[in-house]
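*Asks:* Here you go, one structure.
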There are 4 protein chains.
Amino acid sequence: MEALVLEKQHELTIRDFPVVEPLGAHDVRLALRTVGVCGSDVHYYENGRIGQFVVREPMILGHEASGVITEIGVEVQHLKVGDRVCMEPGIPDPNSKATQLGLYNLDPAVRFWATPPVHGVLRPSVVHPAAFTFKLPDNISYAEGAMVEPLAVGMHAANKAQIKPGDLAVVIGAGPIGILNALAALAGGCSQVVIADLQQPKLDLAASLGPIVPVNVAKENYVDVVMGMTDGWGVDIVFEASGNERAAAGVFDALAPAGRVVFVGIPGQPIAYDVSAGQVKEARVEHVFRYAHVYPRALALMGSGKLDVKPLITDTFGFADSIKAFDYALHMPPTSVKVQITVAND
Amino acid sequence: MEALVLEKQHELTIRDFPVVEPLGAHDVRLALRTVGVCGSDVHYYENGRIGQFVVREPMILGHEASGVITEIGVEVQHLKVGDRVCMEPGIPDPNSKATQLGLYNLDPAVRFWATPPVHGVLRPSVVHPAAFTFKLPDNISYAEGAMVEPLAVGMHAANKAQIKPGDLAVVIGAGPIGILNALAALAGGCSQVVIADLQQPKLDLAASLGPIVPVNVAKENYVDVVMGMTDGWGVDIVFEASGNERAAAGVFDALAPAGRVVFVGIPGQPIAYDVSAGQVKEARVEHVFRYAHVYPRALALMGSGKLDVKPLITDTFGFADSIKAFDYALHMPPTSVKVQITVAND
Amino acid sequence: MEALVLEKQHELTIRDFPVVEPLGAHDVRLALRTVGVCGSDVHYYENGRIGQFVVREPMILGHEASGVITEIGVEVQHLKVGDRVCMEPGIPDPNSKATQLGLYNLDPAVRFWATPPVHGVLRPSVVHPAAFTFKLPDNISYAEGAMVEPLAVGMHAANKAQIKPGDLAVVIGAGPIGILNALAALAGGCSQVVIADLQQPKLDLAASLGPIVPVNVAKENYVDVVMGMTDGWGVDIVFEASGNERAAAGVFDALAPAGRVVFVGIPGQPIAYDVSAGQVKEARVEHVFRYAHVYPRALALMGSGKLDVKPLITDTFGFADSIKAFDYALHMPPTSVKVQITVAND
Amino acid sequence: MEALVLEKQHELTIRDFPVVEPLGAHDVRLALRTVGVCGSDVHYYENGRIGQFVVREPMILGHEASGVITEIGVEVQHLKVGDRVCMEPGIPDPNSKATQLGLYNLDPAVRFWATPPVHGVLRPSVVHPAAFTFKLPDNISYAEGAMVEPLAVGMHAANKAQIKPGDLAVVIGAGPIGILNALAALAGGCSQVVIADLQQPKLDLAASLGPIVPVNVAKENYVDVVMGMTDGWGVDIVFEASGNERAAAGVFDALAPAGRVVFVGIPGQPIAYDVSAGQVKEARVEHVFRYAHVYPRALALMGSGKLDVKPLITDTFGFADSIKAFDYALHMPPTSVKVQITVAND
């Protein structure tokens, strides 16, 4: 099958790449439709590795995906051929302790698409467990379906934040994850979100999507903005979605007493963490790792119209232009948020 | 001062009624602007009592109120003269155990407006604790401000339901509280709400306000609708807002495993409660009593545009027509939801 | 293999009963050691059915079991031959939605030992999933190991109650489950438990096991006792473990504001449930169905000495006397709590 | 009145020190009985300050106190003259937002005994709000009553940890707070606690108090011990009670997936915090500041015999020897845990 293959660092090819995948009783076979380009895909292209995960053999890229079911395993009941779907890219060991506790994302044995040595899905078809395959609402396109994966990160963060109706939140970082996090927080019960970043075009886009207050941290301090909005009390929730060590060190600054912090971004180094600043506010700090159990929730919010990801899909390429798409993503203008590749049309 | 006085059962007058209220250090004095007519006000008018609360002396009615501050106590800091505000009508004993635990609504010593022997606020002015007086956002009118009280009931229910982003909910009952509960549930994170009632005009109104699926239970069973929408899994949350004994007895029917039930309506009699039906789903059942700590949350959602109560204000009367307003509320057409009285204009 | 077979209602035999059980990759094969007699076993013997579960074919009884591992599947890692273990008797479908959410006890497809048509374990050996097989601490005997199943019900109830350190609880009912619930509540953080029943010997036994206050409801009202102990505030938690409809109808009577109720017992009929009584206290009501994820917790508390079930094992029979054991259990004196059958010794 | 006065850094005197305290309607007047010496008292003696709190005027020391009521305010109902009591040393502003939310310990306006410029209670009598004064169970001595204050820190930490029955915990640090934290965790539902420290006598004492596993970190790594005990899974809860920056940086090392961390100790500097280590386990991190609402819980556990603080009271001095007590506390041998001063006997 014709696939986008990362041969090694810096070298992408589109070529026939055989993948033999038997269909298990609880699996489905899919024809891919849309695959988004994630920062991690681009990172493997540019660096050949992410931390301990090193590309040693040619690997198909892509893990933000939607498609249509072409075949179902004998035990599959809730899906059928022709269903339009999106997929969770991580497959845990069903017998692990973490999985049995409902914490499947924390299973160290998870096999995750486009994470060496597991292939991704920039290819015509793939076999996937039915349990991690989710039907798209009729009013949701394949392109939107392929946005569920990055949205799921924001949804999981919103879920962990235990939002109470009407909470005020800050999102630090207005990259794709930060903006999706802001949308998830709003759809999930926040009254308003303050979003902080350095890139004005990203902030402008975010501000156009709902009650989102943009703060360009090159010009003003978001903590001052928050304190002005709240009579000095602070916000209920801080989502750290920048991964920036300095920003992450300040998560308590804008927080209200008994507020919650969610670490979404992944700083490359340990941060300078002020325990006593967290103590005087009795902050609760949550850490998220990918997501679990949130795809149906994301799809429900998208299907009901409460959460619209379309404005974030700024650039679309055909499959034949996949390498061009990656090169574009490598040097993306600040007005771009999400690059997608249309693998096939219906 | 000129007030709307319930002299006794069936007898309302508008007359001068002296109320002497000294201004404490932590109090504010308000000029009333809008006061909504609540079912309980009408019930006192019609029956002269609600349960153990009996109207034995002439009593001013009204507790859903907004106004403007005309004087502040010496210790008041977060409010000033001229602030447009709405007020929580229940004043707890600050020294009670419940209040200290943050459960002020459960303090048996609460003094609640228009609950004998405490006067309501269909009158020119009132003194109130600053701590229970909340500034209106600039884009929120006095009429909307007077809706915060009934909305607070729905907000508190939504809060207790511990909504997770994307939850699906049922609201049983499409009276004012049921519809406000549905709006609070949506603003608070639900993806969609199924609302069940017998009155088609109320259902039509509800359906126009967001992703709300109306079910006329005279024609179809909401449980069937829910099970069809969820592949037989059920909804995450059931809000019982009808107070009807039979409806309340069925709260587990549409519920998903590990779902939550919130009893908002108050059945007049014990209901036939099927413990084992709750057990096979391990339902969590919450009971709400008025509200606590939710006014700022309601105002935040209204101010940011996520929750709009204006369509529910169907009928407005001037203060001189207060008695007419009550007689209208007594025999309200099904197209009416909320009757308000404009006590004064700015 | 020689098994205790319920041939039909009223007829038990000990006879050779072939059960062919292949060993799956994730299974273990066990030699049974001790099996407790549960009320449900006795109920099948006496009535031939429990609700919709009817004994239509001869069925082996027994589901409270411990044993020793004699063979392990090729994928089993955390257990080995010779391990002394106890087992969860319910085996869910690993692919069900409930199981994936971590709610395996709510999976309608659960196969539960000694629930028609699934055989129990009053027999020499059985094959069981390793994931539902738990190693006994060295200081825990097989007899204690067979108590983990009924204890798990109380542990699950204690878990659902979200006990805060120092909470005061009431347990209604001093049968085996009620007493085990009281022990689990104490080990799980309660400072003291008030236990209410009619049988004085059960109350005397309970009172000897820790800070448990016995109340014989034939002589005094437990609500009065509670209110006297708490200056009229009430208890933090009420565990309803009697299954009695009248007792269950009164669960709010002794409860404190913001208290929690757990329905453990299963009333045969709907109860008269006073919603408004729950509302004035904003009670949270939890319903439990068997248990999930608590075996390791029960074993940890038993192993560390914080929870001792030995005093509850009042009667022990050899396997040859199994029928005698059931006839004894059918007409058990009030001084007896738990009857066990020693299937084999090491 | 004769008081122990910190005149300035390094200078303690016992002298007559007039304190005029009117009795408010909701206050009680107490005769002090026992006052414990806290590390903070000693710190003021040695350094004349703690952070921003500087001793500028002579100040009476002591805040871990018990006593007997000698007079009650006109509105006090739940206490009477002659009641044996202990007291919370922090008095919040009843009108603050934090207090109204039930978060009184987070009110920045809290007035805390023996924190400049507020006097402590090493003196014959004091006036205190009845709401922060708690009756001792009959079987609890004044000496034990004066232990409730440091125990409350551990109780609050145990409360925040949301212990599930049978959880396994680590406590880092075996000072008075660490040991009390371990006792609170056990009484609050943990099956076992691993405690890590460098001082062998403290570890030996801790190990004698219940199912507490001592680990001398000079000799072995507590993470190895934990992983050996849990098949590599880790503990449910880590309480950081050392305040040591390096220890605090390692809070995720021994933690299980979905585990909780509670920061009890207060590191003097920001710590090197590995966000990604918290993320792969989706750790929840709680920060505690003093305590709130836990005195009644601590007393309930002590009164029922589930928690015994007596072994920690290692050294007792008469009031006349107060200065000697402080000099002893300044150079305390590792076998000592808590120094108390008997202000008066009954």
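Just remember, in the structure tokens the first chain shown is A, the second B, etc., residues are 1-based per chain, and ligands are 1-based in the order shown.
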Give me the residues near region 193-208 of chain D as number ranges by chain, where near means some atom within 7 Å (using only C-alpha atoms) and where sequence neighbours in that chain fewer than 5 positions away do not count.
*Replies:* D: 168-174, 179, 182, 213-218, 222, 334-335
*Asks:* Quick check: residues of chain D within 7 Å of chain A, only C-alpha atoms, returned as a PDB file with N, CA, C and O atoms, in the first residue's frame.
*Replies:*
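That gives us selection.pdb:
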ATOM      1  N   LEU D 106      -7.431  29.789  54.319  1.00  0.00           N
ATOM      2  CA  LEU D 106      -6.792  30.517  53.222  1.00  0.00           C
ATOM      3  C   LEU D 106      -7.085  32.014  53.263  1.00  0.00           C
ATOM      4  O   LEU D 106      -6.658  32.757  52.378  1.00  0.00           O
ATOM      5  N   PRO D 257       0.510   4.849  39.247  1.00  0.00           N
ATOM      6  CA  PRO D 257      -0.337   5.585  38.307  1.00  0.00           C
ATOM      7  C   PRO D 257      -1.607   6.077  39.006  1.00  0.00           C
ATOM      8  O   PRO D 257      -2.191   5.366  39.818  1.00  0.00           O
ATOM      9  N   ILE D 266       7.288  22.571  53.965  1.00  0.00           N
ATOM     10  CA  ILE D 266       7.426  23.819  53.211  1.00  0.00           C
ATOM     11  C   ILE D 266       8.887  24.021  52.849  1.00  0.00           C
ATOM     12  O   ILE D 266       9.671  24.494  53.662  1.00  0.00           O
ATOM     13  N   PRO D 267       9.261  23.646  51.622  1.00  0.00           N
ATOM     14  CA  PRO D 267      10.660  23.868  51.230  1.00  0.00           C
ATOM     15  C   PRO D 267      10.963  25.367  51.216  1.00  0.00           C
ATOM     16  O   PRO D 267      10.118  26.185  50.851  1.00  0.00           O
ATOM     17  N   GLN D 269      13.020  26.889  49.294  1.00  0.00           N
ATOM     18  CA  GLN D 269      13.290  27.363  47.929  1.00  0.00           C
ATOM     19  C   GLN D 269      12.410  26.598  46.956  1.00  0.00           C
ATOM     20  O   GLN D 269      11.946  25.497  47.274  1.00  0.00           O
ATOM     21  N   PRO D 270      12.205  27.167  45.758  1.00  0.00           N
ATOM     22  CA  PRO D 270      11.536  26.371  44.723  1.00  0.00           C
ATOM     23  C   PRO D 270      12.290  25.059  44.492  1.00  0.00           C
ATOM     24  O   PRO D 270      13.522  25.007  44.614  1.00  0.00           O
ATOM     25  N   ILE D 271      11.542  24.017  44.174  1.00  0.00           N
ATOM     26  CA  ILE D 271      12.161  22.706  43.958  1.00  0.00           C
ATOM     27  C   ILE D 271      12.238  22.410  42.463  1.00  0.00           C
ATOM     28  O   ILE D 271      11.526  23.018  41.660  1.00  0.00           O
ATOM     29  N   ALA D 272      13.106  21.470  42.108  1.00  0.00           N
ATOM     30  CA  ALA D 272      13.212  21.024  40.708  1.00  0.00           C
ATOM     31  C   ALA D 272      12.121  19.991  40.483  1.00  0.00           C
ATOM     32  O   ALA D 272      12.227  18.854  40.948  1.00  0.00           O
ATOM     33  N   TYR D 273      11.080  20.402  39.806  1.00  0.00           N
ATOM     34  CA  TYR D 273       9.845  19.611  39.712  1.00  0.00           C
ATOM     35  C   TYR D 273       9.741  19.055  38.308  1.00  0.00           C
ATOM     36  O   TYR D 273       9.706  19.801  37.324  1.00  0.00           O
ATOM     37  N   ASP D 274       9.667  17.725  38.220  1.00  0.00           N
ATOM     38  CA  ASP D 274       9.673  17.064  36.919  1.00  0.00           C
ATOM     39  C   ASP D 274       8.231  16.844  36.452  1.00  0.00           C
ATOM     40  O   ASP D 274       7.611  15.827  36.760  1.00  0.00           O
ATOM     41  N   VAL D 275       7.713  17.822  35.706  1.00  0.00           N
ATOM     42  CA  VAL D 275       6.326  17.762  35.245  1.00  0.00           C
ATOM     43  C   VAL D 275       6.060  16.460  34.496  1.00  0.00           C
ATOM     44  O   VAL D 275       5.046  15.786  34.724  1.00  0.00           O
ATOM     45  N   SER D 276       6.988  16.072  33.618  1.00  0.00           N
ATOM     46  CA  SER D 276       6.721  14.890  32.793  1.00  0.00           C
ATOM     47  C   SER D 276       6.656  13.623  33.641  1.00  0.00           C
ATOM     48  O   SER D 276       5.906  12.699  33.323  1.00  0.00           O
ATOM     49  N   GLY D 278       5.352  13.510  36.582  1.00  0.00           N
ATOM     50  CA  GLY D 278       3.982  13.551  37.090  1.00  0.00           C
ATOM     51  C   GLY D 278       2.974  13.179  36.014  1.00  0.00           C
ATOM     52  O   GLY D 278       1.929  12.588  36.302  1.00  0.00           O
ATOM     53  N   GLN D 279       3.297  13.547  34.766  1.00  0.00           N
ATOM     54  CA  GLN D 279       2.348  13.288  33.688  1.00  0.00           C
ATOM     55  C   GLN D 279       2.215  11.806  33.339  1.00  0.00           C
ATOM     56  O   GLN D 279       1.104  11.320  33.141  1.00  0.00           O
ATOM     57  N   VAL D 280       3.341  11.088  33.271  1.00  0.00           N
ATOM     58  CA  VAL D 280       3.217   9.675  32.879  1.00  0.00           C
ATOM     59  C   VAL D 280       2.426   8.880  33.912  1.00  0.00           C
ATOM     60  O   VAL D 280       1.931   7.793  33.619  1.00  0.00           O
ATOM     61  N   LYS D 281       2.305   9.413  35.112  1.00  0.00           N
ATOM     62  CA  LYS D 281       1.490   8.753  36.138  1.00  0.00           C
ATOM     63  C   LYS D 281       0.172   9.489  36.389  1.00  0.00           C
ATOM     64  O   LYS D 281      -0.623   9.061  37.213  1.00  0.00           O
ATOM     65  N   GLU D 282      -0.047  10.563  35.695  1.00  0.00           N
ATOM     66  CA  GLU D 282      -1.222  11.420  35.941  1.00  0.00           C
ATOM     67  C   GLU D 282      -1.420  11.642  37.443  1.00  0.00           C
ATOM     68  O   GLU D 282      -2.519  11.469  37.986  1.00  0.00           O
ATOM     69  N   ALA D 283      -0.338  12.069  38.083  1.00  0.00           N
ATOM     70  CA  ALA D 283      -0.383  12.353  39.513  1.00  0.00           C
ATOM     71  C   ALA D 283      -1.317  13.520  39.809  1.00  0.00           C
ATOM     72  O   ALA D 283      -1.443  14.453  39.014  1.00  0.00           O
ATOM     73  N   ARG D 284      -1.979  13.440  40.933  1.00  0.00           N
ATOM     74  CA  ARG D 284      -2.702  14.594  41.477  1.00  0.00           C
ATOM     75  C   ARG D 284      -1.896  15.114  42.664  1.00  0.00           C
ATOM     76  O   ARG D 284      -1.576  14.339  43.575  1.00  0.00           O
ATOM     77  N   VAL D 285      -1.585  16.396  42.638  1.00  0.00           N
ATOM     78  CA  VAL D 285      -0.750  16.973  43.698  1.00  0.00           C
ATOM     79  C   VAL D 285      -1.576  17.978  44.494  1.00  0.00           C
ATOM     80  O   VAL D 285      -2.135  18.921  43.941  1.00  0.00           O
ATOM     81  N   GLU D 286      -1.647  17.754  45.790  1.00  0.00           N
ATOM     82  CA  GLU D 286      -2.362  18.661  46.681  1.00  0.00           C
ATOM     83  C   GLU D 286      -1.367  19.426  47.548  1.00  0.00           C
ATOM     84  O   GLU D 286      -0.322  18.881  47.922  1.00  0.00           O
ATOM     85  N   HIS D 287      -1.712  20.660  47.848  1.00  0.00           N
ATOM     86  CA  HIS D 287      -0.888  21.482  48.721  1.00  0.00           C
ATOM     87  C   HIS D 287      -1.732  21.856  49.931  1.00  0.00           C
ATOM     88  O   HIS D 287      -2.869  22.292  49.771  1.00  0.00           O
ATOM     89  N   VAL D 288      -1.161  21.703  51.124  1.00  0.00           N
ATOM     90  CA  VAL D 288      -1.951  22.053  52.299  1.00  0.00           C
ATOM     91  C   VAL D 288      -1.349  23.240  53.035  1.00  0.00           C
ATOM     92  O   VAL D 288      -0.125  23.434  53.063  1.00  0.00           O
ATOM     93  N   PHE D 289      -2.245  24.034  53.592  1.00  0.00           N
ATOM     94  CA  PHE D 289      -1.837  25.207  54.363  1.00  0.00           C
ATOM     95  C   PHE D 289      -2.548  25.125  55.711  1.00  0.00           C
ATOM     96  O   PHE D 289      -3.774  25.287  55.795  1.00  0.00           O
TER      97      PHE D 289
END
*Asks:* Determine which residues of region 62-290 of chain B DSSP labels as helix (DSSP H, G or I) from the backbone of this structure, then write them out as a VMD selection string.
*Replies:* chain B and resid 97 to 100 104 to 106 130 to 132 142 to 145 148 to 160 176 to 187 200 to 207 222 to 229 245 to 249 275 to 280
*Asks:* Could you write those residues out with C-alpha atoms, as a CSV table (one decimal), in the first residue's frame?
*Replies:*
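Result file is part26.csv:
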chain,number,residue,atom,x,y,z
B,97,LYS,CA,-22.1,25.2,62.1
B,98,ALA,CA,-23.5,24.8,58.6
B,99,THR,CA,-22.4,28.3,57.5
B,100,GLN,CA,-18.9,27.7,58.8
B,104,TYR,CA,-25.0,28.1,54.4
B,105,ASN,CA,-28.1,27.0,52.5
B,106,LEU,CA,-28.5,24.1,54.9
B,130,ALA,CA,-23.1,42.9,51.1
B,131,ALA,CA,-21.9,39.3,51.1
B,132,PHE,CA,-25.1,38.2,49.4
B,142,TYR,CA,-32.1,44.4,35.8
B,143,ALA,CA,-34.7,42.1,34.3
B,144,GLU,CA,-32.1,39.5,33.6
B,145,GLY,CA,-30.6,40.2,37.1
B,148,VAL,CA,-30.5,34.9,38.7
B,149,GLU,CA,-32.5,33.6,41.6
B,150,PRO,CA,-34.5,30.9,39.8
B,151,LEU,CA,-31.4,30.3,37.6
B,152,ALA,CA,-29.4,29.7,40.7
B,153,VAL,CA,-31.5,26.7,41.5
B,154,GLY,CA,-30.6,25.2,38.1
B,155,MET,CA,-27.0,26.2,38.5
B,156,HIS,CA,-26.8,24.5,41.9
B,157,ALA,CA,-28.3,21.4,40.4
B,158,ALA,CA,-25.8,21.5,37.6
B,159,ASN,CA,-23.0,22.0,40.0
B,160,LYS,CA,-24.0,19.1,42.2
B,176,PRO,CA,-39.2,27.7,34.6
B,177,ILE,CA,-36.9,25.7,36.9
B,178,GLY,CA,-36.6,22.8,34.4
B,179,ILE,CA,-35.8,25.0,31.5
B,180,LEU,CA,-33.2,27.0,33.6
B,181,ASN,CA,-31.8,23.7,34.8
B,182,ALA,CA,-31.4,22.6,31.1
B,183,LEU,CA,-29.6,25.9,30.3
B,184,ALA,CA,-27.4,25.6,33.3
B,185,ALA,CA,-26.5,22.0,32.4
B,186,LEU,CA,-25.6,23.0,28.8
B,187,ALA,CA,-23.6,26.0,29.9
B,200,GLN,CA,-45.9,21.5,24.1
B,201,PRO,CA,-45.4,25.3,24.1
B,202,LYS,CA,-42.8,24.9,27.0
B,203,LEU,CA,-41.1,22.2,25.1
B,204,ASP,CA,-41.0,24.3,21.9
B,205,LEU,CA,-39.5,27.2,23.8
B,206,ALA,CA,-36.9,25.0,25.4
B,207,ALA,CA,-36.0,23.5,22.0
B,222,TYR,CA,-38.4,9.8,27.0
B,223,VAL,CA,-36.6,6.7,28.1
B,224,ASP,CA,-37.1,5.2,24.6
B,225,VAL,CA,-35.7,8.5,23.1
B,226,VAL,CA,-32.7,8.4,25.3
B,227,MET,CA,-32.0,4.7,24.7
B,228,GLY,CA,-32.2,5.3,21.0
B,229,MET,CA,-29.8,8.2,21.2
B,245,GLU,CA,-44.1,11.6,42.3
B,246,ARG,CA,-44.5,9.2,39.4
B,247,ALA,CA,-41.9,10.9,37.3
B,248,ALA,CA,-39.5,11.0,40.3
B,249,ALA,CA,-40.0,7.2,40.8
B,275,VAL,CA,-33.3,0.8,45.4
B,276,SER,CA,-32.3,-2.2,43.3
B,277,ALA,CA,-32.7,-0.3,40.1
B,278,GLY,CA,-30.3,2.2,41.4
B,279,GLN,CA,-27.9,-0.5,42.5
B,280,VAL,CA,-27.5,-2.3,39.2
*Asks:* I need the residues of region 90-173 of chain C that end up classed as strand (DSSP E or B) by DSSP on the backbone, written out as a list in words.
*Replies:*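 Checking each residue of region 90-173 of chain C, the strand (DSSP E or B) ones are Gly90, Ile91, Arg111, Phe112, Thr115, Val118, Ser125, Val126, Val127, His128, Pro129, Thr133, Phe134, Lys135, Leu168, Ala169, Val170, Val171 and Ile172 of chain C.
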*Asks:* What does the file look like for those residues with N, CA, C and O atoms, as a PDB file, in the first residue's frame?
*Replies:*
ATOM      1  N   GLY C  90     -16.923 -13.024  40.041  1.00  0.00           N
ATOM      2  CA  GLY C  90     -17.616 -12.514  38.851  1.00  0.00           C
ATOM      3  C   GLY C  90     -16.624 -12.233  37.739  1.00  0.00           C
ATOM      4  O   GLY C  90     -15.631 -11.544  37.955  1.00  0.00           O
ATOM      5  N   ILE C  91     -16.889 -12.761  36.563  1.00  0.00           N
ATOM      6  CA  ILE C  91     -15.974 -12.581  35.430  1.00  0.00           C
ATOM      7  C   ILE C  91     -16.688 -11.784  34.348  1.00  0.00           C
ATOM      8  O   ILE C  91     -17.629 -12.266  33.724  1.00  0.00           O
ATOM      9  N   ARG C 111     -20.305 -13.156  34.319  1.00  0.00           N
ATOM     10  CA  ARG C 111     -20.608 -14.545  34.695  1.00  0.00           C
ATOM     11  C   ARG C 111     -20.173 -14.723  36.141  1.00  0.00           C
ATOM     12  O   ARG C 111     -18.998 -14.582  36.462  1.00  0.00           O
ATOM     13  N   PHE C 112     -21.111 -15.031  37.014  1.00  0.00           N
ATOM     14  CA  PHE C 112     -20.842 -15.042  38.452  1.00  0.00           C
ATOM     15  C   PHE C 112     -21.030 -16.446  38.987  1.00  0.00           C
ATOM     16  O   PHE C 112     -22.068 -17.077  38.780  1.00  0.00           O
ATOM     17  N   THR C 115     -24.330 -18.710  40.107  1.00  0.00           N
ATOM     18  CA  THR C 115     -25.511 -17.975  39.651  1.00  0.00           C
ATOM     19  C   THR C 115     -25.911 -18.636  38.334  1.00  0.00           C
ATOM     20  O   THR C 115     -25.124 -18.611  37.383  1.00  0.00           O
ATOM     21  N   VAL C 118     -24.105 -20.576  35.739  1.00  0.00           N
ATOM     22  CA  VAL C 118     -22.666 -20.678  36.005  1.00  0.00           C
ATOM     23  C   VAL C 118     -22.425 -21.495  37.288  1.00  0.00           C
ATOM     24  O   VAL C 118     -23.032 -21.197  38.316  1.00  0.00           O
ATOM     25  N   SER C 125     -11.342 -28.247  42.050  1.00  0.00           N
ATOM     26  CA  SER C 125     -10.507 -27.284  41.318  1.00  0.00           C
ATOM     27  C   SER C 125     -11.332 -26.450  40.363  1.00  0.00           C
ATOM     28  O   SER C 125     -12.474 -26.798  40.027  1.00  0.00           O
ATOM     29  N   VAL C 126     -10.748 -25.359  39.916  1.00  0.00           N
ATOM     30  CA  VAL C 126     -11.431 -24.460  38.991  1.00  0.00           C
ATOM     31  C   VAL C 126     -10.381 -23.681  38.208  1.00  0.00           C
ATOM     32  O   VAL C 126      -9.266 -23.458  38.697  1.00  0.00           O
ATOM     33  N   VAL C 127     -10.761 -23.272  37.006  1.00  0.00           N
ATOM     34  CA  VAL C 127      -9.923 -22.376  36.203  1.00  0.00           C
ATOM     35  C   VAL C 127     -10.497 -20.974  36.320  1.00  0.00           C
ATOM     36  O   VAL C 127     -11.716 -20.785  36.265  1.00  0.00           O
ATOM     37  N   HIS C 128      -9.620 -19.975  36.495  1.00  0.00           N
ATOM     38  CA  HIS C 128     -10.091 -18.611  36.751  1.00  0.00           C
ATOM     39  C   HIS C 128      -9.126 -17.614  36.113  1.00  0.00           C
ATOM     40  O   HIS C 128      -7.929 -17.890  36.008  1.00  0.00           O
ATOM     41  N   PRO C 129      -9.629 -16.445  35.689  1.00  0.00           N
ATOM     42  CA  PRO C 129      -8.708 -15.442  35.140  1.00  0.00           C
ATOM     43  C   PRO C 129      -7.717 -14.974  36.205  1.00  0.00           C
ATOM     44  O   PRO C 129      -8.117 -14.667  37.336  1.00  0.00           O
ATOM     45  N   THR C 133      -7.726 -13.055  40.454  1.00  0.00           N
ATOM     46  CA  THR C 133      -7.158 -13.964  41.452  1.00  0.00           C
ATOM     47  C   THR C 133      -6.093 -13.199  42.234  1.00  0.00           C
ATOM     48  O   THR C 133      -5.222 -12.563  41.626  1.00  0.00           O
ATOM     49  N   PHE C 134      -6.163 -13.226  43.562  1.00  0.00           N
ATOM     50  CA  PHE C 134      -5.333 -12.332  44.379  1.00  0.00           C
ATOM     51  C   PHE C 134      -4.564 -13.108  45.434  1.00  0.00           C
ATOM     52  O   PHE C 134      -5.140 -13.908  46.172  1.00  0.00           O
ATOM     53  N   LYS C 135      -3.299 -12.835  45.497  1.00  0.00           N
ATOM     54  CA  LYS C 135      -2.415 -13.521  46.435  1.00  0.00           C
ATOM     55  C   LYS C 135      -2.753 -13.135  47.878  1.00  0.00           C
ATOM     56  O   LYS C 135      -2.931 -11.951  48.187  1.00  0.00           O
ATOM     57  N   LEU C 168     -18.235   9.809  61.361  1.00  0.00           N
ATOM     58  CA  LEU C 168     -19.063   8.926  62.186  1.00  0.00           C
ATOM     59  C   LEU C 168     -20.102   8.297  61.264  1.00  0.00           C
ATOM     60  O   LEU C 168     -20.699   8.988  60.428  1.00  0.00           O
ATOM     61  N   ALA C 169     -20.312   6.987  61.405  1.00  0.00           N
ATOM     62  CA  ALA C 169     -21.242   6.287  60.518  1.00  0.00           C
ATOM     63  C   ALA C 169     -22.258   5.481  61.299  1.00  0.00           C
ATOM     64  O   ALA C 169     -22.013   5.073  62.435  1.00  0.00           O
ATOM     65  N   VAL C 170     -23.396   5.269  60.672  1.00  0.00           N
ATOM     66  CA  VAL C 170     -24.375   4.293  61.142  1.00  0.00           C
ATOM     67  C   VAL C 170     -24.393   3.145  60.143  1.00  0.00           C
ATOM     68  O   VAL C 170     -24.350   3.380  58.928  1.00  0.00           O
ATOM     69  N   VAL C 171     -24.434   1.916  60.645  1.00  0.00           N
ATOM     70  CA  VAL C 171     -24.730   0.769  59.787  1.00  0.00           C
ATOM     71  C   VAL C 171     -26.066   0.198  60.259  1.00  0.00           C
ATOM     72  O   VAL C 171     -26.201  -0.173  61.427  1.00  0.00           O
ATOM     73  N   ILE C 172     -27.025   0.150  59.352  1.00  0.00           N
ATOM     74  CA  ILE C 172     -28.326  -0.437  59.680  1.00  0.00           C
ATOM     75  C   ILE C 172     -28.283  -1.906  59.282  1.00  0.00           C
ATOM     76  O   ILE C 172     -28.135  -2.233  58.110  1.00  0.00           O
TER      77      ILE C 172
END
*Asks:* May I have the residues within 12 Å of Ile341 (chain D) as JSON, numbers by chain, using only C-alpha atoms and disregarding those fewer than 2 positions away in the same chain?
*Replies:* {"D": [4, 32, 33, 34, 35, 36, 37, 38, 61, 62, 63, 64, 65, 66, 121, 122, 123, 142, 143, 146, 147, 313, 314, 315, 316, 317, 318, 319, 320, 321, 322, 323, 324, 325, 326, 328, 329, 338, 339, 343, 344, 345]}
